[in-house]
$ cat target-v8.cif   # mmCIF, C-alpha atoms
data_final
loop_
_atom_site.label_atom_id
_atom_site.label_comp_id
_atom_site.auth_asym_id
_atom_site.auth_seq_id
_atom_site.Cartn_x
_atom_site.Cartn_y
_atom_site.Cartn_z
CA MET A 1204 -30.55 -63.24 -9.19
CA THR A 1205 -28.45 -61.46 -11.83
CA HIS A 1206 -25.08 -60.31 -10.56
CA GLN A 1207 -24.00 -56.75 -11.35
CA ILE A 1208 -20.39 -56.09 -12.30
CA LEU A 1209 -18.56 -52.77 -12.60
CA ILE A 1210 -15.68 -52.61 -15.10
CA VAL A 1211 -13.24 -49.71 -14.76
CA GLU A 1212 -11.01 -49.82 -17.84
CA ASP A 1213 -9.69 -46.96 -19.97
CA ASP A 1214 -9.06 -49.19 -23.01
CA ALA A 1215 -12.48 -48.91 -24.64
CA ALA A 1216 -12.01 -51.93 -26.91
CA ALA A 1217 -10.90 -54.17 -24.04
CA ALA A 1218 -13.74 -52.95 -21.80
CA GLU A 1219 -16.36 -53.59 -24.49
CA LEU A 1220 -14.96 -57.04 -25.21
CA ILE A 1221 -15.11 -58.04 -21.55
CA ALA A 1222 -18.56 -56.48 -21.15
CA LYS A 1223 -19.89 -58.29 -24.21
CA GLY A 1224 -18.68 -61.68 -23.00
CA LEU A 1225 -19.97 -61.19 -19.46
CA GLY A 1226 -23.26 -59.81 -20.73
CA GLU A 1227 -23.78 -62.91 -22.85
CA ALA A 1228 -23.07 -64.96 -19.70
CA GLY A 1229 -26.00 -63.28 -17.95
CA PHE A 1230 -24.27 -60.54 -15.95
CA GLU A 1231 -25.40 -56.90 -15.82
CA ILE A 1232 -22.42 -54.72 -16.73
CA GLU A 1233 -21.51 -51.07 -16.26
CA ILE A 1234 -18.32 -49.50 -17.60
CA CYS A 1235 -16.32 -46.51 -16.36
CA ALA A 1236 -13.30 -45.22 -18.27
CA ASP A 1237 -11.31 -43.46 -15.55
CA GLY A 1238 -10.47 -43.74 -11.89
CA HIS A 1239 -12.53 -40.80 -10.67
CA ALA A 1240 -15.73 -42.08 -12.30
CA GLY A 1241 -14.97 -45.63 -11.16
CA LEU A 1242 -14.45 -44.53 -7.56
CA ALA A 1243 -17.74 -42.65 -7.55
CA ARG A 1244 -19.76 -45.53 -9.03
CA ALA A 1245 -18.12 -48.28 -6.97
CA GLY A 1246 -18.63 -46.20 -3.83
CA GLN A 1247 -22.38 -46.44 -4.26
CA GLY A 1248 -22.13 -50.08 -3.17
CA ARG A 1249 -24.64 -51.54 -5.63
CA PHE A 1250 -22.31 -53.96 -7.46
CA ASP A 1251 -21.59 -57.61 -6.71
CA LEU A 1252 -18.08 -57.51 -8.16
CA TRP A 1253 -15.58 -54.96 -9.45
CA ILE A 1254 -13.06 -55.42 -12.28
CA PHE A 1255 -10.44 -52.65 -12.18
CA ASP A 1256 -7.57 -51.98 -14.53
CA ARG A 1257 -4.45 -51.07 -12.58
CA MET A 1258 -3.28 -48.18 -14.77
CA LEU A 1259 -6.10 -45.64 -15.10
CA PRO A 1260 -6.29 -41.91 -15.82
CA GLY A 1261 -7.16 -39.72 -12.85
CA ILE A 1262 -6.77 -42.23 -10.04
CA ASP A 1263 -5.00 -45.52 -10.64
CA GLY A 1264 -6.63 -48.81 -9.74
CA LEU A 1265 -4.52 -49.35 -6.62
CA ALA A 1266 -5.40 -45.98 -5.10
CA MET A 1267 -9.05 -46.38 -6.08
CA LEU A 1268 -9.32 -49.81 -4.49
CA ASP A 1269 -7.48 -48.69 -1.36
CA ALA A 1270 -9.92 -45.76 -0.98
CA LEU A 1271 -12.94 -48.06 -1.35
CA ARG A 1272 -11.61 -50.51 1.22
CA ARG A 1273 -11.04 -47.63 3.63
CA GLN A 1274 -14.73 -46.77 3.18
CA GLY A 1275 -15.52 -50.24 4.48
CA LEU A 1276 -16.71 -51.69 1.16
CA ARG A 1277 -15.95 -55.41 0.91
CA THR A 1278 -17.15 -56.02 -2.67
CA PRO A 1279 -15.01 -58.71 -4.38
CA ALA A 1280 -12.49 -57.11 -6.76
CA ILE A 1281 -10.34 -58.41 -9.60
CA MET A 1282 -7.35 -56.30 -10.65
CA LEU A 1283 -6.32 -56.42 -14.32
CA SER A 1284 -2.86 -55.27 -15.35
CA ALA A 1285 -0.12 -55.59 -17.91
CA LEU A 1286 2.22 -55.60 -14.89
CA GLY A 1287 2.52 -59.25 -13.99
CA THR A 1288 5.55 -59.72 -11.73
CA VAL A 1289 5.20 -61.26 -8.29
CA ASP A 1290 5.77 -57.83 -6.70
CA ASP A 1291 3.05 -56.33 -8.90
CA LYS A 1292 0.59 -59.02 -7.85
CA VAL A 1293 1.51 -58.66 -4.18
CA GLY A 1294 0.97 -54.89 -4.45
CA GLY A 1295 -2.47 -55.37 -5.98
CA LEU A 1296 -3.55 -57.87 -3.35
CA ALA A 1297 -2.17 -55.66 -0.57
CA ALA A 1298 -4.28 -52.77 -1.87
CA GLY A 1299 -7.39 -54.87 -1.36
CA ALA A 1300 -7.85 -56.90 -4.55
CA ASP A 1301 -9.25 -60.41 -4.10
CA ASP A 1302 -7.62 -61.61 -7.31
CA TYR A 1303 -5.03 -60.30 -9.77
CA LEU A 1304 -5.01 -61.22 -13.45
CA ALA A 1305 -2.09 -60.27 -15.68
CA LYS A 1306 -2.75 -59.21 -19.28
CA PRO A 1307 -3.08 -60.84 -21.71
CA PHE A 1308 -5.48 -63.34 -20.20
CA SER A 1309 -8.05 -65.76 -21.54
CA PHE A 1310 -11.72 -64.85 -21.14
CA ALA A 1311 -12.37 -68.37 -19.84
CA GLU A 1312 -9.93 -67.77 -16.99
CA LEU A 1313 -11.56 -64.44 -16.15
CA ARG A 1314 -14.98 -66.13 -16.09
CA ALA A 1315 -13.67 -68.86 -13.80
CA ARG A 1316 -12.17 -66.37 -11.37
CA ILE A 1317 -15.35 -64.29 -11.33
CA ALA A 1318 -17.41 -67.41 -10.61
CA ALA A 1319 -15.11 -68.41 -7.75
CA LEU A 1320 -15.27 -64.97 -6.11
CA LEU A 1321 -19.05 -64.75 -6.45
CA ARG A 1322 -19.49 -68.22 -4.97
CA ARG A 1323 -17.35 -67.22 -2.01
CA ALA A 1324 -19.26 -63.96 -1.54
CA ASP A 1325 -22.67 -65.66 -1.82
CA ARG A 1326 -21.61 -68.31 0.70
CA ALA A 1327 -20.36 -65.66 3.14
CA GLU A 1328 -23.60 -63.72 2.81
CA SER A 1329 -25.63 -66.86 3.39
CA ASP A 1330 -23.58 -67.71 6.48
CA ALA A 1331 -23.99 -64.17 7.80
CA LYS A 1332 -27.78 -64.39 7.42
CA ALA A 1333 -27.98 -67.62 9.39
CA THR A 1334 -29.29 -66.83 12.85
CA ARG A 1335 -29.51 -70.34 14.31
CA ILE A 1336 -27.37 -73.45 14.32
CA ILE A 1337 -29.01 -76.74 15.26
CA VAL A 1338 -27.05 -79.89 16.08
CA GLY A 1339 -29.33 -82.72 17.17
CA ASP A 1340 -31.27 -81.44 20.20
CA LEU A 1341 -28.88 -78.50 20.62
CA ASP A 1342 -30.26 -75.13 19.44
CA ILE A 1343 -27.89 -72.14 19.24
CA ASP A 1344 -29.45 -68.71 18.61
CA LEU A 1345 -26.74 -66.43 17.22
CA LEU A 1346 -28.80 -63.24 17.58
CA SER A 1347 -29.79 -63.61 21.21
CA ARG A 1348 -26.63 -65.61 21.95
CA THR A 1349 -28.62 -68.20 23.85
CA VAL A 1350 -28.28 -71.98 23.88
CA VAL A 1351 -30.99 -74.56 24.54
CA ARG A 1352 -30.49 -78.32 24.72
CA ALA A 1353 -33.53 -80.61 24.73
CA GLY A 1354 -35.63 -77.68 25.93
CA ARG A 1355 -33.21 -76.84 28.77
CA PRO A 1356 -31.47 -73.42 28.71
CA VAL A 1357 -27.68 -73.73 28.85
CA PRO A 1358 -26.08 -70.59 30.35
CA LEU A 1359 -22.70 -69.82 28.80
CA VAL A 1360 -20.17 -67.06 29.28
CA ALA A 1361 -18.92 -65.21 26.18
CA ARG A 1362 -15.84 -67.38 25.55
CA GLU A 1363 -17.82 -70.59 25.98
CA PHE A 1364 -20.45 -69.37 23.52
CA HIS A 1365 -17.79 -68.41 20.97
CA LEU A 1366 -16.16 -71.83 21.37
CA LEU A 1367 -19.49 -73.64 20.99
CA GLU A 1368 -20.41 -71.57 17.93
CA TYR A 1369 -17.10 -72.48 16.28
CA LEU A 1370 -17.58 -76.17 17.05
CA ALA A 1371 -21.18 -76.05 15.80
CA ARG A 1372 -20.17 -74.44 12.50
CA HIS A 1373 -17.95 -77.50 12.05
CA ALA A 1374 -20.45 -80.01 13.44
CA GLY A 1375 -19.47 -83.59 12.67
CA GLU A 1376 -15.88 -82.58 11.89
CA VAL A 1377 -12.80 -83.04 14.05
CA VAL A 1378 -11.65 -79.64 15.32
CA THR A 1379 -8.07 -79.53 16.58
CA ARG A 1380 -6.79 -77.56 19.56
CA THR A 1381 -4.72 -75.43 17.17
CA MET A 1382 -7.84 -74.52 15.18
CA MET A 1383 -9.66 -73.51 18.35
CA LEU A 1384 -6.73 -71.47 19.62
CA GLU A 1385 -6.55 -69.59 16.33
CA HIS A 1386 -10.25 -68.93 15.81
CA VAL A 1387 -11.52 -68.56 19.38
CA TRP A 1388 -8.49 -67.12 21.17
CA ASN A 1389 -6.86 -65.43 18.12
CA CYS A 1390 -3.64 -67.22 19.03
CA ARG A 1391 -1.61 -68.54 16.10
CA PHE A 1392 0.62 -70.78 18.18
CA ASP A 1393 0.16 -73.24 21.03
CA PRO A 1394 1.26 -71.47 24.22
CA GLY A 1395 1.67 -74.85 25.89
CA SER A 1396 -1.24 -74.33 28.29
CA ASN A 1397 -4.37 -76.44 28.73
CA VAL A 1398 -6.72 -73.50 28.13
CA VAL A 1399 -8.62 -75.33 25.38
CA ASP A 1400 -9.12 -78.48 27.42
CA VAL A 1401 -10.28 -76.49 30.45
CA HIS A 1402 -12.92 -74.64 28.42
CA ILE A 1403 -13.99 -77.83 26.66
CA GLY A 1404 -14.45 -79.47 30.06
CA ARG A 1405 -16.64 -76.63 31.31
CA LEU A 1406 -18.64 -76.57 28.10
CA ARG A 1407 -19.15 -80.33 28.17
CA ARG A 1408 -20.42 -80.26 31.76
CA LYS A 1409 -22.97 -77.59 30.89
CA LEU A 1410 -24.12 -79.26 27.66
CA GLU A 1411 -24.31 -82.78 29.07
CA GLU A 1412 -25.78 -82.03 32.48
CA SER A 1413 -28.71 -84.41 31.97
CA GLU A 1414 -28.47 -85.31 28.27
CA PRO A 1415 -26.39 -87.82 26.28
CA PRO A 1416 -22.84 -86.88 25.18
CA ILE A 1417 -22.68 -84.41 22.29
CA LEU A 1418 -19.12 -83.06 22.60
CA HIS A 1419 -16.78 -85.95 21.86
CA THR A 1420 -13.04 -86.31 22.34
CA VAL A 1421 -11.18 -87.67 19.32
CA ARG A 1422 -8.07 -89.12 20.92
CA GLY A 1423 -4.87 -87.62 19.60
CA ALA A 1424 -6.72 -85.24 17.25
CA GLY A 1425 -9.17 -82.90 18.96
CA TYR A 1426 -12.91 -82.67 19.53
CA ARG A 1427 -16.09 -83.17 17.53
CA LEU A 1428 -19.56 -81.78 18.19
CA ALA A 1429 -22.07 -84.36 16.99
CA ALA A 1430 -25.46 -85.67 18.08
CA VAL A 1431 -24.36 -89.30 17.76
#
$ encode --input "target-v8.cif" --output "structure tokens"
Amino acid sequence: MTHQILIVEDDAAAAELIAKGLGEAGFEIEICADGHAGLARAGQGRFDLWIFDRMLPGIDGLAMLDALRRQGLRTPAIMLSALGTVDDKVGGLAAGADDYLAKPFSFAELRARIAALLRRADRAESDAKATRIIVGDLDIDLLSRTVVRAGRPVPLVAREFHLLEYLARHAGEVVTRTMMLEHVWNCRFDPGSNVVDVHIGRLRRKLEESEPPILHTVRGAGYRLAAV
């Protein structure tokens, strides 16, 4: 599938140069020369990636990107600017840019950054479309939020399901207590309780009621969900 990229750049020569290189690389390109036009076109949501200059007539790139993010659009965005200090970059990223490239830059670097952002976006879209996770004889349906093991329904409460889903997305890997606290309980520090171990114990009893072990303790490290 051909990716579509919107370039919002008021320097016509620079915009054409970027568009020519990306077009030769197989991308479909559209160019807008000012912030108002760029905001209108980007707001239609049909592009796979945006490239915005920071200093634009009408609406600058920061305000344009902030407005688009407030609309709920999550399209990957690269900010281009002659302003290249750390504070400038932090400001661009804070406004919603996924990457910030100071001018002058090499076209090869721009291509590499575009490729990285598109890979990340494609992977996220693929993950979002996945509706089932299967680990051995364990079948997790993410739409109905049901779990079946070896044909036996496994009833889980919401927190247990969230914990199992996180473990399943990292099947075969060691998942630490800190990782589980952060991603399942939204806690960025260890409160010193045994909340993770308690939930793991409950989950293990339900999953292994009459089947072989699938949720393994890795001593001194964490837990691993694996069929063997």
$ residues_around --input "target-v8.cif" --residues "stretch 1301-1313 of chain A" --least-positions-apart "3" --cutoff "10 Å" --atoms "all atoms listed in the file" --output "number ranges by chain"
A: 1220-1221, 1224-1225, 1253-1257, 1277-1288, 1291-1298, 1316-1320
$ atom_distance --input "target-v8.cif" --atom1 "atom CA of A:Leu1271" --atom2 "atom CA of A:Arg1323"
19.7 Å
$ residues_around --input "target-v8.cif" --residues "stretch 1357-1367 of chain A" --least-positions-apart "4" --cutoff "12 Å" --atoms "all atoms listed in the file" --output "CSV table (one decimal) with C-alpha atoms, in the frame of the given file"
chain,number,residue,atom,x,y,z
A,1336,ILE,CA,-27.4,-73.4,14.3
A,1337,ILE,CA,-29.0,-76.7,15.3
A,1338,VAL,CA,-27.0,-79.9,16.1
A,1341,LEU,CA,-28.9,-78.5,20.6
A,1342,ASP,CA,-30.3,-75.1,19.4
A,1343,ILE,CA,-27.9,-72.1,19.2
A,1344,ASP,CA,-29.4,-68.7,18.6
A,1345,LEU,CA,-26.7,-66.4,17.2
A,1346,LEU,CA,-28.8,-63.2,17.6
A,1347,SER,CA,-29.8,-63.6,21.2
A,1348,ARG,CA,-26.6,-65.6,22.0
A,1349,THR,CA,-28.6,-68.2,23.8
A,1350,VAL,CA,-28.3,-72.0,23.9
A,1351,VAL,CA,-31.0,-74.6,24.5
A,1352,ARG,CA,-30.5,-78.3,24.7
A,1353,ALA,CA,-33.5,-80.6,24.7
A,1371,ALA,CA,-21.2,-76.0,15.8
A,1372,ARG,CA,-20.2,-74.4,12.5
A,1373,HIS,CA,-18.0,-77.5,12.0
A,1374,ALA,CA,-20.4,-80.0,13.4
A,1378,VAL,CA,-11.6,-79.6,15.3
A,1380,ARG,CA,-6.8,-77.6,19.6
A,1382,MET,CA,-7.8,-74.5,15.2
A,1383,MET,CA,-9.7,-73.5,18.4
A,1384,LEU,CA,-6.7,-71.5,19.6
A,1385,GLU,CA,-6.6,-69.6,16.3
A,1386,HIS,CA,-10.2,-68.9,15.8
A,1387,VAL,CA,-11.5,-68.6,19.4
A,1388,TRP,CA,-8.5,-67.1,21.2
A,1389,ASN,CA,-6.9,-65.4,18.1
A,1398,VAL,CA,-6.7,-73.5,28.1
A,1399,VAL,CA,-8.6,-75.3,25.4
A,1400,ASP,CA,-9.1,-78.5,27.4
A,1401,VAL,CA,-10.3,-76.5,30.4
A,1402,HIS,CA,-12.9,-74.6,28.4
A,1403,ILE,CA,-14.0,-77.8,26.7
A,1404,GLY,CA,-14.4,-79.5,30.1
A,1405,ARG,CA,-16.6,-76.6,31.3
A,1406,LEU,CA,-18.6,-76.6,28.1
A,1407,ARG,CA,-19.2,-80.3,28.2
A,1408,ARG,CA,-20.4,-80.3,31.8
A,1409,LYS,CA,-23.0,-77.6,30.9
A,1410,LEU,CA,-24.1,-79.3,27.7
A,1411,GLU,CA,-24.3,-82.8,29.1
A,1412,GLU,CA,-25.8,-82.0,32.5
A,1413,SER,CA,-28.7,-84.4,32.0
A,1414,GLU,CA,-28.5,-85.3,28.3
A,1417,ILE,CA,-22.7,-84.4,22.3
A,1418,LEU,CA,-19.1,-83.1,22.6
A,1426,TYR,CA,-12.9,-82.7,19.5
A,1427,ARG,CA,-16.1,-83.2,17.5
A,1428,LEU,CA,-19.6,-81.8,18.2
A,1429,ALA,CA,-22.1,-84.4,17.0
$ atom_distance --input "target-v8.cif" --atom1 "atom CA of A:Asp1251" --atom2 "atom CA of A:Gln1207"
5.3 Å
$ residues_around --input "target-v8.cif" --residues "A:Ile1232" --least-positions-apart "4" --cutoff "9 Å" --atoms "only C-alpha atoms" --output "ChimeraX atom specification"
/A:1206-1210,1222-1223,1225-1226
$ closest_residue --input "target-v8.cif" --among "A:Arg1355, A:His1239, A:Arg1322, A:Arg1314" --to "A:Asp1263" --atoms "all atoms listed in the file"
A:His1239
$ atom_distance --input "target-v8.cif" --atom1 "atom CA of A:Asp1214" --atom2 "atom CA of A:Ala1228"
21.4 Å
$ resolve_selection --input "target-v8.cif" --expression "the PyMOL selection byres ((chain A and resi 1274) around 12)" --output "list in words"
Leu1242, Ala1243, Ala1245, Gly1246, Gln1247, Gly1248, Met1267, Leu1268, Asp1269, Ala1270, Leu1271, Arg1272, Arg1273, Gly1275, Leu1276, Arg1277, Thr1278 and Gly1299 of chain A
$ closest_residue --input "target-v8.cif" --among "A:Cys1390, A:Arg1422, A:Gly1375, A:Ala1266" --to "A:Gly1339" --atoms "only C-alpha atoms"
A:Gly1375
$ decode --input "target-v8.cif" --residues "stretch 1299-1323 of chain A" --atoms "N, CA and C atoms" --output "CSV table (one decimal), in the first residue's frame"
chain,number,residue,atom,x,y,z
A,1299,GLY,N,3.0,18.1,20.0
A,1299,GLY,CA,2.4,16.9,19.4
A,1299,GLY,C,3.2,16.3,18.3
A,1300,ALA,N,4.4,16.8,18.0
A,1300,ALA,CA,5.2,16.2,16.9
A,1300,ALA,C,5.8,14.9,17.4
A,1301,ASP,N,5.9,13.9,16.5
A,1301,ASP,CA,6.5,12.7,16.9
A,1301,ASP,C,8.0,12.7,16.6
A,1302,ASP,N,8.5,13.7,15.8
A,1302,ASP,CA,9.9,13.8,15.6
A,1302,ASP,C,10.1,15.3,15.2
A,1303,TYR,N,11.4,15.8,15.4
A,1303,TYR,CA,11.7,17.1,15.1
A,1303,TYR,C,13.1,17.2,14.4
A,1304,LEU,N,13.1,17.7,13.2
A,1304,LEU,CA,14.3,17.7,12.4
A,1304,LEU,C,14.7,19.2,12.1
A,1305,ALA,N,15.9,19.5,12.6
A,1305,ALA,CA,16.4,20.9,12.4
A,1305,ALA,C,17.0,21.1,11.0
A,1306,LYS,N,16.7,22.2,10.4
A,1306,LYS,CA,17.3,22.6,9.1
A,1306,LYS,C,18.7,23.1,9.3
A,1307,PRO,N,19.6,22.9,8.4
A,1307,PRO,CA,19.5,22.0,7.2
A,1307,PRO,C,19.7,20.5,7.6
A,1308,PHE,N,19.0,19.7,6.9
A,1308,PHE,CA,19.1,18.2,7.2
A,1308,PHE,C,19.4,17.5,5.9
A,1309,SER,N,19.8,16.2,6.1
A,1309,SER,CA,20.1,15.4,4.9
A,1309,SER,C,18.8,14.7,4.5
A,1310,PHE,N,18.6,14.5,3.2
A,1310,PHE,CA,17.3,13.8,2.8
A,1310,PHE,C,17.3,12.4,3.3
A,1311,ALA,N,18.5,11.8,3.4
A,1311,ALA,CA,18.6,10.4,3.8
A,1311,ALA,C,18.1,10.3,5.3
A,1312,GLU,N,18.4,11.3,6.1
A,1312,GLU,CA,18.0,11.3,7.5
A,1312,GLU,C,16.5,11.4,7.5
A,1313,LEU,N,15.9,12.3,6.7
A,1313,LEU,CA,14.5,12.5,6.7
A,1313,LEU,C,13.8,11.2,6.3
A,1314,ARG,N,14.3,10.5,5.3
A,1314,ARG,CA,13.8,9.3,4.8
A,1314,ARG,C,13.8,8.2,5.9
A,1315,ALA,N,14.9,8.2,6.7
A,1315,ALA,CA,15.0,7.2,7.7
A,1315,ALA,C,14.0,7.5,8.8
A,1316,ARG,N,13.8,8.7,9.2
A,1316,ARG,CA,12.9,9.1,10.2
A,1316,ARG,C,11.4,8.8,9.8
A,1317,ILE,N,11.1,9.1,8.5
A,1317,ILE,CA,9.8,8.8,8.0
A,1317,ILE,C,9.6,7.3,8.1
A,1318,ALA,N,10.5,6.5,7.7
A,1318,ALA,CA,10.4,5.0,7.7
A,1318,ALA,C,10.1,4.5,9.1
A,1319,ALA,N,10.9,5.1,10.1
A,1319,ALA,CA,10.7,4.6,11.4
A,1319,ALA,C,9.3,4.9,12.0
A,1320,LEU,N,8.8,6.1,11.7
A,1320,LEU,CA,7.5,6.5,12.2
A,1320,LEU,C,6.4,5.7,11.5
A,1321,LEU,N,6.5,5.4,10.2
A,1321,LEU,CA,5.5,4.6,9.5
A,1321,LEU,C,5.5,3.2,10.0
A,1322,ARG,N,6.7,2.6,10.3
A,1322,ARG,CA,6.8,1.3,10.8
A,1322,ARG,C,6.1,1.2,12.2
A,1323,ARG,N,6.3,2.2,13.0
A,1323,ARG,CA,5.7,2.2,14.3
A,1323,ARG,C,4.2,2.3,14.2
